[in-house]
>>> print(open('run-v2.cif').read())   # mmCIF, N, CA and C atoms
data_my_file
loop_
_atom_site.label_atom_id
_atom_site.label_comp_id
_atom_site.auth_asym_id
_atom_site.auth_seq_id
_atom_site.Cartn_x
_atom_site.Cartn_y
_atom_site.Cartn_z
N MET Z 23 13.57 -5.73 -19.88
CA MET Z 23 12.15 -5.97 -19.96
C MET Z 23 11.80 -6.66 -21.27
N GLN Z 24 12.53 -6.31 -22.31
CA GLN Z 24 12.26 -6.88 -23.62
C GLN Z 24 12.55 -8.38 -23.66
N TRP Z 25 13.59 -8.81 -22.95
CA TRP Z 25 13.93 -10.24 -22.95
C TRP Z 25 12.88 -11.06 -22.23
N ILE Z 26 12.18 -10.46 -21.26
CA ILE Z 26 11.10 -11.17 -20.57
C ILE Z 26 9.95 -11.43 -21.55
N LEU Z 27 9.62 -10.43 -22.35
CA LEU Z 27 8.57 -10.59 -23.35
C LEU Z 27 8.94 -11.67 -24.36
N ILE Z 28 10.18 -11.68 -24.79
CA ILE Z 28 10.65 -12.69 -25.74
C ILE Z 28 10.57 -14.08 -25.10
N LEU Z 29 10.97 -14.19 -23.84
CA LEU Z 29 10.90 -15.48 -23.14
C LEU Z 29 9.46 -15.95 -23.01
N ILE Z 30 8.55 -15.05 -22.69
CA ILE Z 30 7.13 -15.41 -22.59
C ILE Z 30 6.59 -15.90 -23.93
N LEU Z 31 6.95 -15.21 -24.99
CA LEU Z 31 6.49 -15.62 -26.33
C LEU Z 31 7.04 -16.99 -26.71
N ILE Z 32 8.29 -17.26 -26.36
CA ILE Z 32 8.88 -18.57 -26.65
C ILE Z 32 8.16 -19.66 -25.86
N LEU Z 33 7.86 -19.38 -24.59
CA LEU Z 33 7.13 -20.35 -23.77
C LEU Z 33 5.73 -20.61 -24.33
N ILE Z 34 5.05 -19.56 -24.75
CA ILE Z 34 3.72 -19.72 -25.34
C ILE Z 34 3.80 -20.55 -26.61
N LEU Z 35 4.78 -20.28 -27.44
CA LEU Z 35 4.97 -21.05 -28.67
C LEU Z 35 5.25 -22.52 -28.35
N GLY Z 36 6.10 -22.76 -27.36
CA GLY Z 36 6.42 -24.14 -26.97
C GLY Z 36 5.21 -24.89 -26.46
N VAL Z 37 4.42 -24.25 -25.62
CA VAL Z 37 3.21 -24.89 -25.10
C VAL Z 37 2.22 -25.15 -26.23
N THR Z 38 2.08 -24.20 -27.14
CA THR Z 38 1.16 -24.37 -28.27
C THR Z 38 1.59 -25.54 -29.15
N LEU Z 39 2.87 -25.61 -29.47
CA LEU Z 39 3.36 -26.71 -30.29
C LEU Z 39 3.18 -28.05 -29.57
N PHE Z 40 3.44 -28.08 -28.27
CA PHE Z 40 3.26 -29.29 -27.49
C PHE Z 40 1.80 -29.72 -27.49
N ALA Z 41 0.90 -28.75 -27.33
CA ALA Z 41 -0.53 -29.06 -27.32
C ALA Z 41 -1.00 -29.57 -28.68
N ILE Z 42 -0.49 -28.97 -29.75
CA ILE Z 42 -0.88 -29.41 -31.09
C ILE Z 42 -0.45 -30.85 -31.35
N GLU Z 43 0.70 -31.23 -30.83
CA GLU Z 43 1.20 -32.59 -31.02
C GLU Z 43 0.44 -33.61 -30.18
N ASN Z 44 -0.29 -33.16 -29.19
CA ASN Z 44 -1.01 -34.06 -28.27
C ASN Z 44 -2.51 -33.81 -28.36
N VAL Z 45 -3.11 -34.24 -29.46
CA VAL Z 45 -4.52 -33.97 -29.71
C VAL Z 45 -5.43 -35.15 -29.37
N ALA Z 46 -4.90 -36.16 -28.74
CA ALA Z 46 -5.70 -37.34 -28.41
C ALA Z 46 -6.82 -36.98 -27.44
N ILE Z 47 -7.90 -37.71 -27.51
CA ILE Z 47 -9.01 -37.54 -26.58
C ILE Z 47 -8.70 -38.36 -25.32
N ILE Z 48 -8.83 -37.70 -24.18
CA ILE Z 48 -8.57 -38.38 -22.91
C ILE Z 48 -9.80 -38.26 -22.01
N SER Z 49 -9.85 -39.12 -21.03
CA SER Z 49 -10.95 -39.12 -20.08
C SER Z 49 -10.48 -38.43 -18.80
N ILE Z 50 -11.20 -37.39 -18.40
CA ILE Z 50 -10.87 -36.63 -17.19
C ILE Z 50 -11.92 -36.96 -16.13
N SER Z 51 -11.47 -37.39 -14.98
CA SER Z 51 -12.39 -37.64 -13.86
C SER Z 51 -12.26 -36.49 -12.87
N TYR Z 52 -13.39 -35.97 -12.43
CA TYR Z 52 -13.39 -34.90 -11.46
C TYR Z 52 -14.44 -35.21 -10.40
N LEU Z 53 -14.63 -34.33 -9.47
CA LEU Z 53 -15.46 -34.58 -8.31
C LEU Z 53 -16.88 -35.01 -8.66
N PHE Z 54 -17.46 -34.42 -9.67
CA PHE Z 54 -18.87 -34.68 -9.98
C PHE Z 54 -19.09 -35.58 -11.19
N GLY Z 55 -18.05 -36.09 -11.77
CA GLY Z 55 -18.25 -36.95 -12.92
C GLY Z 55 -17.00 -37.16 -13.74
N GLN Z 56 -17.23 -37.33 -15.04
CA GLN Z 56 -16.15 -37.66 -15.95
C GLN Z 56 -16.46 -37.01 -17.29
N ALA Z 57 -15.40 -36.62 -18.01
CA ALA Z 57 -15.59 -36.01 -19.33
C ALA Z 57 -14.48 -36.49 -20.26
N ASN Z 58 -14.81 -36.58 -21.53
CA ASN Z 58 -13.83 -36.89 -22.57
C ASN Z 58 -13.49 -35.58 -23.29
N VAL Z 59 -12.22 -35.19 -23.18
CA VAL Z 59 -11.77 -33.93 -23.78
C VAL Z 59 -10.44 -34.14 -24.48
N SER Z 60 -10.09 -33.16 -25.29
CA SER Z 60 -8.81 -33.20 -25.99
C SER Z 60 -7.67 -32.93 -25.02
N LEU Z 61 -6.60 -33.67 -25.16
CA LEU Z 61 -5.42 -33.45 -24.32
C LEU Z 61 -4.86 -32.05 -24.56
N ALA Z 62 -4.94 -31.57 -25.78
CA ALA Z 62 -4.47 -30.21 -26.09
C ALA Z 62 -5.23 -29.18 -25.26
N LEU Z 63 -6.54 -29.37 -25.14
CA LEU Z 63 -7.35 -28.45 -24.35
C LEU Z 63 -6.94 -28.49 -22.88
N VAL Z 64 -6.69 -29.68 -22.37
CA VAL Z 64 -6.26 -29.82 -20.97
C VAL Z 64 -4.92 -29.11 -20.76
N ILE Z 65 -4.01 -29.25 -21.68
CA ILE Z 65 -2.70 -28.62 -21.57
C ILE Z 65 -2.83 -27.10 -21.57
N VAL Z 66 -3.58 -26.57 -22.53
CA VAL Z 66 -3.73 -25.12 -22.65
C VAL Z 66 -4.44 -24.54 -21.43
N VAL Z 67 -5.51 -25.17 -20.99
CA VAL Z 67 -6.24 -24.68 -19.82
C VAL Z 67 -5.35 -24.75 -18.58
N SER Z 68 -4.57 -25.80 -18.44
CA SER Z 68 -3.67 -25.93 -17.29
C SER Z 68 -2.62 -24.82 -17.27
N VAL Z 69 -2.07 -24.49 -18.42
CA VAL Z 69 -1.07 -23.41 -18.49
C VAL Z 69 -1.72 -22.07 -18.15
N ILE Z 70 -2.91 -21.83 -18.66
CA ILE Z 70 -3.59 -20.57 -18.38
C ILE Z 70 -3.93 -20.46 -16.89
N VAL Z 71 -4.47 -21.52 -16.31
CA VAL Z 71 -4.79 -21.49 -14.88
C VAL Z 71 -3.52 -21.29 -14.05
N GLY Z 72 -2.44 -21.94 -14.43
CA GLY Z 72 -1.17 -21.76 -13.72
C GLY Z 72 -0.66 -20.34 -13.81
N ALA Z 73 -0.78 -19.73 -14.98
CA ALA Z 73 -0.33 -18.34 -15.16
C ALA Z 73 -1.17 -17.40 -14.31
N VAL Z 74 -2.48 -17.59 -14.31
CA VAL Z 74 -3.36 -16.73 -13.51
C VAL Z 74 -3.06 -16.89 -12.02
N LEU Z 75 -2.87 -18.11 -11.56
CA LEU Z 75 -2.54 -18.34 -10.15
C LEU Z 75 -1.19 -17.71 -9.79
N GLY Z 76 -0.23 -17.79 -10.69
CA GLY Z 76 1.06 -17.16 -10.45
C GLY Z 76 0.96 -15.65 -10.34
N ILE Z 77 0.16 -15.05 -11.20
CA ILE Z 77 -0.05 -13.61 -11.14
C ILE Z 77 -0.74 -13.22 -9.84
N LEU Z 78 -1.79 -13.96 -9.49
CA LEU Z 78 -2.51 -13.66 -8.25
C LEU Z 78 -1.60 -13.81 -7.03
N ALA Z 79 -0.72 -14.79 -7.05
CA ALA Z 79 0.19 -15.00 -5.93
C ALA Z 79 1.20 -13.86 -5.79
N SER Z 80 1.54 -13.22 -6.88
CA SER Z 80 2.54 -12.15 -6.83
C SER Z 80 1.93 -10.77 -6.60
N LEU Z 81 0.61 -10.64 -6.66
CA LEU Z 81 -0.02 -9.33 -6.51
C LEU Z 81 0.28 -8.69 -5.16
N GLN Z 82 0.28 -9.45 -4.10
CA GLN Z 82 0.53 -8.89 -2.77
C GLN Z 82 1.90 -8.23 -2.71
N SER Z 83 2.90 -8.89 -3.22
CA SER Z 83 4.24 -8.30 -3.17
C SER Z 83 4.34 -7.09 -4.10
N ILE Z 84 3.64 -7.12 -5.21
CA ILE Z 84 3.63 -5.96 -6.12
C ILE Z 84 3.00 -4.76 -5.42
N TRP Z 85 1.87 -4.97 -4.75
CA TRP Z 85 1.20 -3.87 -4.04
C TRP Z 85 2.08 -3.33 -2.91
N LYS Z 86 2.79 -4.21 -2.24
CA LYS Z 86 3.66 -3.80 -1.14
C LYS Z 86 4.78 -2.91 -1.67
N VAL Z 87 5.39 -3.29 -2.78
CA VAL Z 87 6.47 -2.51 -3.36
C VAL Z 87 5.95 -1.16 -3.85
N LYS Z 88 4.75 -1.15 -4.44
CA LYS Z 88 4.17 0.12 -4.90
C LYS Z 88 3.89 1.05 -3.73
N ALA Z 89 3.43 0.50 -2.61
CA ALA Z 89 3.17 1.32 -1.42
C ALA Z 89 4.48 1.90 -0.89
N GLN Z 90 5.54 1.10 -0.87
CA GLN Z 90 6.85 1.59 -0.43
C GLN Z 90 7.34 2.70 -1.35
N LEU Z 91 7.14 2.52 -2.64
CA LEU Z 91 7.57 3.54 -3.61
C LEU Z 91 6.81 4.84 -3.40
N ARG Z 92 5.49 4.75 -3.17
CA ARG Z 92 4.71 5.97 -2.91
C ARG Z 92 5.24 6.68 -1.66
N GLY Z 93 5.55 5.92 -0.61
CA GLY Z 93 6.08 6.51 0.61
C GLY Z 93 7.42 7.19 0.39
N GLN Z 94 8.28 6.55 -0.39
CA GLN Z 94 9.59 7.13 -0.67
C GLN Z 94 9.48 8.38 -1.54
N LYS Z 95 8.53 8.38 -2.48
CA LYS Z 95 8.33 9.58 -3.31
C LYS Z 95 7.84 10.74 -2.45
N LYS Z 96 6.93 10.45 -1.52
CA LYS Z 96 6.43 11.49 -0.62
C LYS Z 96 7.56 12.03 0.23
N GLU Z 97 8.39 11.14 0.77
CA GLU Z 97 9.52 11.57 1.59
C GLU Z 97 10.49 12.42 0.77
N LEU Z 98 10.74 12.03 -0.47
CA LEU Z 98 11.63 12.80 -1.35
C LEU Z 98 11.06 14.18 -1.61
N ASN Z 99 9.77 14.27 -1.88
CA ASN Z 99 9.15 15.57 -2.12
C ASN Z 99 9.21 16.45 -0.88
N ASP Z 100 9.00 15.85 0.30
CA ASP Z 100 9.10 16.61 1.55
C ASP Z 100 10.51 17.14 1.75
N LEU Z 101 11.51 16.32 1.46
CA LEU Z 101 12.90 16.76 1.60
C LEU Z 101 13.24 17.86 0.60
N LYS Z 102 12.71 17.76 -0.61
CA LYS Z 102 12.95 18.81 -1.61
C LYS Z 102 12.34 20.13 -1.15
N LYS Z 103 11.13 20.06 -0.59
CA LYS Z 103 10.49 21.28 -0.08
C LYS Z 103 11.30 21.87 1.06
N GLU Z 104 11.80 21.01 1.95
CA GLU Z 104 12.59 21.47 3.08
C GLU Z 104 13.87 22.16 2.60
N ILE Z 105 14.52 21.59 1.60
CA ILE Z 105 15.74 22.19 1.04
C ILE Z 105 15.41 23.54 0.41
N GLN Z 106 14.32 23.60 -0.32
CA GLN Z 106 13.92 24.84 -0.99
C GLN Z 106 13.61 25.92 0.05
N GLU Z 107 12.90 25.55 1.11
CA GLU Z 107 12.57 26.52 2.15
C GLU Z 107 13.82 27.02 2.87
N SER Z 108 14.79 26.10 3.08
CA SER Z 108 16.02 26.52 3.77
C SER Z 108 16.85 27.43 2.88
N LYS Z 109 16.80 27.26 1.58
CA LYS Z 109 17.52 28.15 0.66
C LYS Z 109 16.88 29.53 0.65
N GLU Z 110 15.58 29.57 0.76
CA GLU Z 110 14.88 30.85 0.72
C GLU Z 110 15.08 31.65 2.00
N THR Z 111 15.28 30.98 3.13
CA THR Z 111 15.42 31.68 4.40
C THR Z 111 16.87 31.99 4.75
N GLU Z 112 17.85 31.43 4.07
CA GLU Z 112 19.26 31.69 4.35
C GLU Z 112 19.63 33.08 3.88
N PRO Z 113 20.32 33.84 4.70
CA PRO Z 113 20.80 35.15 4.21
C PRO Z 113 21.99 34.95 3.26
N GLU Z 114 22.06 35.81 2.29
CA GLU Z 114 23.17 35.72 1.34
C GLU Z 114 24.45 36.24 1.99
N VAL Z 115 25.52 35.52 1.76
CA VAL Z 115 26.83 35.91 2.30
C VAL Z 115 27.57 36.65 1.20
N THR Z 116 27.97 37.88 1.51
CA THR Z 116 28.74 38.66 0.54
C THR Z 116 30.10 39.00 1.14
N ASP Z 117 31.09 39.12 0.30
CA ASP Z 117 32.45 39.43 0.75
C ASP Z 117 32.68 40.90 0.73
#
>>> encode(input="run-v2.cif", output="structure tokens")
Amino acid sequence: MQWILILILILILGVTLFAIENVAIISISYLFGQANVSLALVIVVSVIVGAVLGILASLQSIWKVKAQLRGQKKELNDLKKEIQESKETEPEVTD
């Protein structure tokens, strides 16, 4: 888990350095008009939007795995109770 955090920090540093090196003003055309903005701002906003979309895309699978885990924990607890009950009802065997 720690290496993922380090990788994310390296990527953030790389994007930041890339954005700092590209500070030229560019013209952006969109559906309703046109704007002159810094290329650095476009880069940073694009990375943030991409990260948010990536997180949103993975939420469904995360929720599915969490639901499976909850089901398996419930099944494990039920089996533990069943084992405990069977131990309590078994007569002791003595020689």
>>> residues_around(input="run-v2.cif", residues="stretch 30-41 of chain Z", least_positions_apart="5", cutoff="7 Å", atoms="only N, CA and C atoms", output="number ranges by chain")
Z: 25, 61-63, 65-66
>>> atom_distance(input="run-v2.cif", atom1="atom N of Z:Ser51", atom2="atom CA of Z:Val67")
14.6 Å
>>> select_by_dssp(input="run-v2.cif", residues="chain Z", states="strand (DSSP E)", output="NGL selection string")
:Z and (47-52 or 55-60)
>>> atom_distance(input="run-v2.cif", atom1="atom N of Z:Tyr52", atom2="atom CA of Z:Ile70")
19.2 Å
>>> resolve_selection(input="run-v2.cif", expression="the PyMOL selection byres ((chain Z and resi 47) around 5)", output="list in words")
Val45, Ala46, Ile48, Ser49, Val59, Ser60 and Leu61 of chain Z
>>> select_by_dssp(input="run-v2.cif", residues="chain Z", states="helix (DSSP H, G or I)", output="NGL selection string")
:Z and (24-43 or 61-111)
>>> decode(input="run-v2.cif", residues="stretch 66-109 of chain Z", atoms="N, CA and C atoms", output="PDB file, in the first residue's frame")
ATOM      1  N   VAL Z  66      -3.499  20.799 -15.281  1.00  0.00           N
ATOM      2  CA  VAL Z  66      -3.869  20.430 -13.909  1.00  0.00           C
ATOM      3  C   VAL Z  66      -5.348  20.055 -13.831  1.00  0.00           C
ATOM      4  N   VAL Z  67      -6.216  20.838 -14.443  1.00  0.00           N
ATOM      5  CA  VAL Z  67      -7.646  20.535 -14.415  1.00  0.00           C
ATOM      6  C   VAL Z  67      -7.917  19.209 -15.126  1.00  0.00           C
ATOM      7  N   SER Z  68      -7.245  18.952 -16.225  1.00  0.00           N
ATOM      8  CA  SER Z  68      -7.434  17.693 -16.949  1.00  0.00           C
ATOM      9  C   SER Z  68      -7.026  16.491 -16.098  1.00  0.00           C
ATOM     10  N   VAL Z  69      -5.929  16.602 -15.379  1.00  0.00           N
ATOM     11  CA  VAL Z  69      -5.482  15.501 -14.518  1.00  0.00           C
ATOM     12  C   VAL Z  69      -6.480  15.281 -13.382  1.00  0.00           C
ATOM     13  N   ILE Z  70      -6.964  16.358 -12.792  1.00  0.00           N
ATOM     14  CA  ILE Z  70      -7.929  16.234 -11.696  1.00  0.00           C
ATOM     15  C   ILE Z  70      -9.229  15.606 -12.198  1.00  0.00           C
ATOM     16  N   VAL Z  71      -9.740  16.075 -13.326  1.00  0.00           N
ATOM     17  CA  VAL Z  71     -10.968  15.507 -13.880  1.00  0.00           C
ATOM     18  C   VAL Z  71     -10.766  14.029 -14.216  1.00  0.00           C
ATOM     19  N   GLY Z  72      -9.624  13.684 -14.773  1.00  0.00           N
ATOM     20  CA  GLY Z  72      -9.336  12.281 -15.083  1.00  0.00           C
ATOM     21  C   GLY Z  72      -9.283  11.418 -13.836  1.00  0.00           C
ATOM     22  N   ALA Z  73      -8.679  11.937 -12.776  1.00  0.00           N
ATOM     23  CA  ALA Z  73      -8.603  11.184 -11.519  1.00  0.00           C
ATOM     24  C   ALA Z  73      -9.996  10.975 -10.930  1.00  0.00           C
ATOM     25  N   VAL Z  74     -10.805  12.014 -10.930  1.00  0.00           N
ATOM     26  CA  VAL Z  74     -12.170  11.899 -10.399  1.00  0.00           C
ATOM     27  C   VAL Z  74     -12.985  10.899 -11.217  1.00  0.00           C
ATOM     28  N   LEU Z  75     -12.889  10.960 -12.537  1.00  0.00           N
ATOM     29  CA  LEU Z  75     -13.615  10.010 -13.384  1.00  0.00           C
ATOM     30  C   LEU Z  75     -13.128   8.576 -13.155  1.00  0.00           C
ATOM     31  N   GLY Z  76     -11.842   8.405 -12.959  1.00  0.00           N
ATOM     32  CA  GLY Z  76     -11.309   7.075 -12.671  1.00  0.00           C
ATOM     33  C   GLY Z  76     -11.827   6.523 -11.352  1.00  0.00           C
ATOM     34  N   ILE Z  77     -11.896   7.370 -10.345  1.00  0.00           N
ATOM     35  CA  ILE Z  77     -12.426   6.949  -9.050  1.00  0.00           C
ATOM     36  C   ILE Z  77     -13.903   6.594  -9.172  1.00  0.00           C
ATOM     37  N   LEU Z  78     -14.661   7.447  -9.851  1.00  0.00           N
ATOM     38  CA  LEU Z  78     -16.088   7.173 -10.028  1.00  0.00           C
ATOM     39  C   LEU Z  78     -16.323   5.874 -10.801  1.00  0.00           C
ATOM     40  N   ALA Z  79     -15.484   5.603 -11.781  1.00  0.00           N
ATOM     41  CA  ALA Z  79     -15.621   4.382 -12.573  1.00  0.00           C
ATOM     42  C   ALA Z  79     -15.331   3.136 -11.741  1.00  0.00           C
ATOM     43  N   SER Z  80     -14.489   3.246 -10.744  1.00  0.00           N
ATOM     44  CA  SER Z  80     -14.132   2.079  -9.939  1.00  0.00           C
ATOM     45  C   SER Z  80     -15.036   1.888  -8.725  1.00  0.00           C
ATOM     46  N   LEU Z  81     -15.901   2.846  -8.417  1.00  0.00           N
ATOM     47  CA  LEU Z  81     -16.742   2.738  -7.227  1.00  0.00           C
ATOM     48  C   LEU Z  81     -17.668   1.518  -7.275  1.00  0.00           C
ATOM     49  N   GLN Z  82     -18.227   1.208  -8.414  1.00  0.00           N
ATOM     50  CA  GLN Z  82     -19.140   0.075  -8.510  1.00  0.00           C
ATOM     51  C   GLN Z  82     -18.444  -1.225  -8.124  1.00  0.00           C
ATOM     52  N   SER Z  83     -17.250  -1.432  -8.628  1.00  0.00           N
ATOM     53  CA  SER Z  83     -16.545  -2.669  -8.289  1.00  0.00           C
ATOM     54  C   SER Z  83     -16.127  -2.678  -6.822  1.00  0.00           C
ATOM     55  N   ILE Z  84     -15.793  -1.531  -6.277  1.00  0.00           N
ATOM     56  CA  ILE Z  84     -15.439  -1.454  -4.850  1.00  0.00           C
ATOM     57  C   ILE Z  84     -16.647  -1.824  -3.998  1.00  0.00           C
ATOM     58  N   TRP Z  85     -17.818  -1.287  -4.328  1.00  0.00           N
ATOM     59  CA  TRP Z  85     -19.034  -1.599  -3.569  1.00  0.00           C
ATOM     60  C   TRP Z  85     -19.383  -3.081  -3.684  1.00  0.00           C
ATOM     61  N   LYS Z  86     -19.180  -3.651  -4.854  1.00  0.00           N
ATOM     62  CA  LYS Z  86     -19.484  -5.065  -5.069  1.00  0.00           C
ATOM     63  C   LYS Z  86     -18.582  -5.936  -4.188  1.00  0.00           C
ATOM     64  N   VAL Z  87     -17.301  -5.614  -4.130  1.00  0.00           N
ATOM     65  CA  VAL Z  87     -16.362  -6.382  -3.322  1.00  0.00           C
ATOM     66  C   VAL Z  87     -16.696  -6.233  -1.839  1.00  0.00           C
ATOM     67  N   LYS Z  88     -17.074  -5.026  -1.421  1.00  0.00           N
ATOM     68  CA  LYS Z  88     -17.442  -4.816  -0.013  1.00  0.00           C
ATOM     69  C   LYS Z  88     -18.688  -5.614   0.348  1.00  0.00           C
ATOM     70  N   ALA Z  89     -19.653  -5.684  -0.562  1.00  0.00           N
ATOM     71  CA  ALA Z  89     -20.867  -6.465  -0.310  1.00  0.00           C
ATOM     72  C   ALA Z  89     -20.522  -7.947  -0.190  1.00  0.00           C
ATOM     73  N   GLN Z  90     -19.636  -8.447  -1.050  1.00  0.00           N
ATOM     74  CA  GLN Z  90     -19.208  -9.845  -0.967  1.00  0.00           C
ATOM     75  C   GLN Z  90     -18.503 -10.110   0.358  1.00  0.00           C
ATOM     76  N   LEU Z  91     -17.675  -9.171   0.783  1.00  0.00           N
ATOM     77  CA  LEU Z  91     -16.958  -9.327   2.048  1.00  0.00           C
ATOM     78  C   LEU Z  91     -17.926  -9.375   3.222  1.00  0.00           C
ATOM     79  N   ARG Z  92     -18.937  -8.493   3.207  1.00  0.00           N
ATOM     80  CA  ARG Z  92     -19.937  -8.524   4.282  1.00  0.00           C
ATOM     81  C   ARG Z  92     -20.647  -9.876   4.313  1.00  0.00           C
ATOM     82  N   GLY Z  93     -21.001 -10.407   3.142  1.00  0.00           N
ATOM     83  CA  GLY Z  93     -21.663 -11.705   3.081  1.00  0.00           C
ATOM     84  C   GLY Z  93     -20.784 -12.825   3.607  1.00  0.00           C
ATOM     85  N   GLN Z  94     -19.505 -12.786   3.260  1.00  0.00           N
ATOM     86  CA  GLN Z  94     -18.586 -13.818   3.734  1.00  0.00           C
ATOM     87  C   GLN Z  94     -18.350 -13.717   5.237  1.00  0.00           C
ATOM     88  N   LYS Z  95     -18.313 -12.493   5.764  1.00  0.00           N
ATOM     89  CA  LYS Z  95     -18.155 -12.324   7.217  1.00  0.00           C
ATOM     90  C   LYS Z  95     -19.372 -12.876   7.952  1.00  0.00           C
ATOM     91  N   LYS Z  96     -20.562 -12.622   7.403  1.00  0.00           N
ATOM     92  CA  LYS Z  96     -21.783 -13.143   8.014  1.00  0.00           C
ATOM     93  C   LYS Z  96     -21.774 -14.661   7.989  1.00  0.00           C
ATOM     94  N   GLU Z  97     -21.388 -15.238   6.853  1.00  0.00           N
ATOM     95  CA  GLU Z  97     -21.323 -16.692   6.736  1.00  0.00           C
ATOM     96  C   GLU Z  97     -20.316 -17.272   7.724  1.00  0.00           C
ATOM     97  N   LEU Z  98     -19.172 -16.615   7.883  1.00  0.00           N
ATOM     98  CA  LEU Z  98     -18.152 -17.071   8.827  1.00  0.00           C
ATOM     99  C   LEU Z  98     -18.685 -17.021  10.255  1.00  0.00           C
ATOM    100  N   ASN Z  99     -19.365 -15.947  10.610  1.00  0.00           N
ATOM    101  CA  ASN Z  99     -19.930 -15.844  11.962  1.00  0.00           C
ATOM    102  C   ASN Z  99     -20.987 -16.915  12.199  1.00  0.00           C
ATOM    103  N   ASP Z 100     -21.811 -17.193  11.181  1.00  0.00           N
ATOM    104  CA  ASP Z 100     -22.818 -18.247  11.312  1.00  0.00           C
ATOM    105  C   ASP Z 100     -22.160 -19.603  11.524  1.00  0.00           C
ATOM    106  N   LEU Z 101     -21.091 -19.874  10.783  1.00  0.00           N
ATOM    107  CA  LEU Z 101     -20.378 -21.146  10.936  1.00  0.00           C
ATOM    108  C   LEU Z 101     -19.714 -21.253  12.310  1.00  0.00           C
ATOM    109  N   LYS Z 102     -19.183 -20.145  12.807  1.00  0.00           N
ATOM    110  CA  LYS Z 102     -18.575 -20.153  14.147  1.00  0.00           C
ATOM    111  C   LYS Z 102     -19.627 -20.461  15.208  1.00  0.00           C
ATOM    112  N   LYS Z 103     -20.806 -19.853  15.057  1.00  0.00           N
ATOM    113  CA  LYS Z 103     -21.895 -20.124  16.004  1.00  0.00           C
ATOM    114  C   LYS Z 103     -22.318 -21.581  15.941  1.00  0.00           C
ATOM    115  N   GLU Z 104     -22.401 -22.126  14.727  1.00  0.00           N
ATOM    116  CA  GLU Z 104     -22.787 -23.514  14.550  1.00  0.00           C
ATOM    117  C   GLU Z 104     -21.774 -24.451  15.205  1.00  0.00           C
ATOM    118  N   ILE Z 105     -20.493 -24.159  15.043  1.00  0.00           N
ATOM    119  CA  ILE Z 105     -19.443 -24.973  15.670  1.00  0.00           C
ATOM    120  C   ILE Z 105     -19.550 -24.882  17.187  1.00  0.00           C
ATOM    121  N   GLN Z 106     -19.763 -23.691  17.696  1.00  0.00           N
ATOM    122  CA  GLN Z 106     -19.860 -23.492  19.140  1.00  0.00           C
ATOM    123  C   GLN Z 106     -21.064 -24.245  19.702  1.00  0.00           C
ATOM    124  N   GLU Z 107     -22.198 -24.178  19.003  1.00  0.00           N
ATOM    125  CA  GLU Z 107     -23.393 -24.877  19.460  1.00  0.00           C
ATOM    126  C   GLU Z 107     -23.197 -26.386  19.437  1.00  0.00           C
ATOM    127  N   SER Z 108     -22.483 -26.877  18.399  1.00  0.00           N
ATOM    128  CA  SER Z 108     -22.259 -28.326  18.324  1.00  0.00           C
ATOM    129  C   SER Z 108     -21.303 -28.785  19.419  1.00  0.00           C
ATOM    130  N   LYS Z 109     -20.376 -27.957  19.824  1.00  0.00           N
ATOM    131  CA  LYS Z 109     -19.467 -28.309  20.926  1.00  0.00           C
ATOM    132  C   LYS Z 109     -20.222 -28.353  22.245  1.00  0.00           C
TER     133      LYS Z 109
END
